[in-house]
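What follows is a single structure, written as structure tokens, with notes after it.
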Amino acid sequence: MVSYLQVQNLTRSVGDKTLFRDLSFSIGEGQKVGLIAKNGTGKSTLLNILGGKDQADEGQVVFHNDLRIGYLEQTPNYPLDLTVIEACFWHGNETTNLIREYETCMASASQEGLQDILDRMEQLKAWDYENRAKTILSQLFIKEFDKPLSQLSGGQLKRVALANTLIMEPDLLILDEPTNHLDLQMIEWLENYLSRSNVTLLMVTHDRYFLDRVCSVILELDEETVYTYQGNYAYFLEHRAQRLEVARAEVARATNLYRTELDWMRRMPQARGHKARYREEAFYELEKQAHRRIEEQQVRLEMKSTYIGSKIFEAEYVSKAYGDLVLLKDFYYNFSRYEKLGIVGNNGTGKSTFVKMLLGLVKPDSGRFVVGETVRFGYYSQDGMAFNEQMKVIDAVRKTAEYVDLGGGRKLSAMQFLQHFMFSPQQQQNYIYKLSGGEKRRLYLCTVLMQSPNFLVLDEPTNDLDITSLQILEQYLQDFKGCVIIISHDRYFMDKVVDHLFVFKGNGVVKDFPGNYTQYREWEKLEPEPKKAQNTQNSPSTPRFQGERKRKMSFREKQEFEALGKEIDELENEKADIEAALSSGTLSTQEIIDLSKRLPVVNDLLDEKSMRWLELSEIE
């Protein structure tokens, strides 16, 4: 296998923080490599070094001779006065530089070196560059080539940058979070494109389905070094667990030996003066090994949510349009208690506008949202939070709350709470401008959840979060005692969390599907074409309350329904036993006190679970 890239002893620090030290790895021709690491460990910095946008403190990067490299940055940067097609010529690459050289030569009087330029133009297929650009832009559903970049959405701008990278047909493609801001249709297109392509790939992404289906090698950046796994994401999960288990065993052995050597080191200098110096030096190495922390840092999101009643919100024939762009048309829906709803659809179909209307941030053209009195929203916007970059992390959180109520009489200070979000005491004293994009997102999520909402509205919460944070957020949302609406293009995340979908199809059409995203895609493949084309949205000729029709019970709801029946029986039995015991006259004073405290708790649980059982029983 021909080596396309060799990274040799690379070291990079930012201030007093070392991102990676003596980092070495290689990528061979045809390999598709995914890079995984926690936020703030230097993923984007490493890619910027490889892409020539940054420099390492030490070490070197060696590419194969005459290698064409395409680099998609996490946040593409273009002058906004350029048009779409002009942007494809903006970032200099070998072909566009040659085209400029040709134009300069043709404008000169002597036209010196023209034949050499023409030969190179032929070799690089430069004559066809603009046509190739338009072809790829069209495949990415960008067809207005003369449209100014200032009029594009974030997702459209990302697609222009992606097209700009793919046009040059690179030998080595470096992608930093390519799925951020792309809709599901584009993510699946890119996934298929890269799977079929022979291009060599190095990619950072949090999209686990993408990693699993595209990558054949996983690099994990951890503890300032890199570990290589020769397999896809599923292979990585299995073998990473084995690596950590071996590492824990090594630390345990080192700790036992450390105790013995520590006793030797503590003896009087005279007693060890004749000992070999190598043993003393080996002790300090052993000390480092014994003090290693192998256990996983985890974000434990166990906040108390406030009580939420049975009335959540009702969308009463809501319509919204911007000129000819219709987002909603006579939309009706009655939202149920404890629903976990996912919203998917192409960019520009109205997903974010829908939740902003629900939150009262945007007014509908007609109709209204009627929100229950007990609903307390927690809103995570895809635009992020406008932090004061000169504030310290701890001060930004204290501005929201000094203490966080965990329920059951437990409270955490702002400092303790941040540690649960993987912000060490040292990081808490950092200024916000020093944080990575993912760390700022994690801090924003922290400020939303610490307000104890009972209805979470999360608009693209997965962008820039590392996989560890995503896994913990998934677990939290699964256990969350409240309502959830999530807009996300992360298919894995949606599959784990939501129990039904709103699919925004454009032109005001919204389909309510009882299941997760993978189930929807399977259903879509099976549905006959004529039926698929039918308008699923309310129209004037439809019955007035069609939007309130019963949906099918999801698999998760069926499991919950069965479990609730058993739990209600157990609680009723416990309640009967407590009442019988209190009436018996045989209890001690302390037993009477304990059972008297337990009885209202059982009654509350019985009411809550009975209400939920009744709600589920109304679903088909």
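Within each chain, counting starts at residue 1; across the structure tokens, chains are named A, B, ... in the order shown, with ligands numbered 1 upward in that order.
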Quick one: residues within 7 Å of segment 515-518 of chain A, only C-alpha atoms, excluding same-chain residues fewer than 6 positions away - as a PDB file with C-alpha atoms, in the first residue's frame?
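Saved to part.pdb:
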```pdb
ATOM      1  CA  ARG A 491     -29.864   9.783  12.344  1.00  0.00           C
ATOM      2  CA  MET A 494     -32.842  10.450  16.488  1.00  0.00           C
ATOM      3  CA  ASP A 495     -33.193   6.677  16.429  1.00  0.00           C
ATOM      4  CA  VAL A 498     -37.570   9.974  19.583  1.00  0.00           C
ATOM      5  CA  ASP A 499     -40.720   7.846  19.340  1.00  0.00           C
ATOM      6  CA  HIS A 500     -42.321   9.617  16.380  1.00  0.00           C
ATOM      7  CA  LEU A 501     -41.503  12.161  13.676  1.00  0.00           C
ATOM      8  CA  SER A 554     -44.507   2.872  18.866  1.00  0.00           C
TER       9      SER A 554
END
```
If you take only C-alpha atoms and a cut-off of 12 Å, which residues of segment 83-201 of chain A touch segment 444-464 of chain A, and what are their nearest atom pairs and distances in Å to one decimal, in chain and number order, as a Markdown table?
```
| residue | atom | partner | partner_atom | distance |
| --- | --- | --- | --- | --- |
| A:Asp176 | CA | A:Asp464 | CA | 10.3 |
| A:Glu177 | CA | A:Asp464 | CA | 7.7 |
| A:Pro178 | CA | A:Asn463 | CA | 10.6 |
| A:Thr179 | CA | A:Asn463 | CA | 8.7 |
| A:Asn180 | CA | A:Asn463 | CA | 5.9 |
| A:His181 | CA | A:Asn463 | CA | 7.8 |
| A:Leu182 | CA | A:Asn463 | CA | 10.4 |
| A:Asp183 | CA | A:Glu460 | CA | 10.7 |
```
| field | Selected residue, from A:Gln151, A:Thr374, A:Gln590, A:Asn198, that lies nearest to Glu169 of chain A when counting only C-alpha atoms | value | A:Asn198
| field | Distance in Å - atom CA of Val62 of chain A versus atom CA of Leu5 of chain A | value | 5.8 Å
| From the list A:Phe369, A:Trp613, A:Tyr520, A:Phe354, which residue is nearest Ile487 of chain A when using only C-alpha atoms? | A:Phe354
| request: Have a look at atom CA of Gly437 of chain A and atom CA of Asn39 of chain A and let me know their distance in Å, one decimal. | output: 7.9 Å
| remark: From atom CA of Leu477 of chain A to atom CA of Gly565 of chain A the spacing works out at 23.0 Å
| field | All residues 7 Å or closer to Glu402 of chain A, only C-alpha atoms, same chain fewer than 3 positions away omitted, as a list of chain:residue names | value |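 Listing them by chain and then by number gives A:Arg398, A:Ser413, A:Ala414.
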| request: Might you pull out every residue within 7 Å of Leu465 of chain A, with only C-alpha atoms counted and same-chain residues fewer than 4 positions away left off, and present them as a PyMOL selection string? | output: chain A and resi 39+438+441-442+469-470
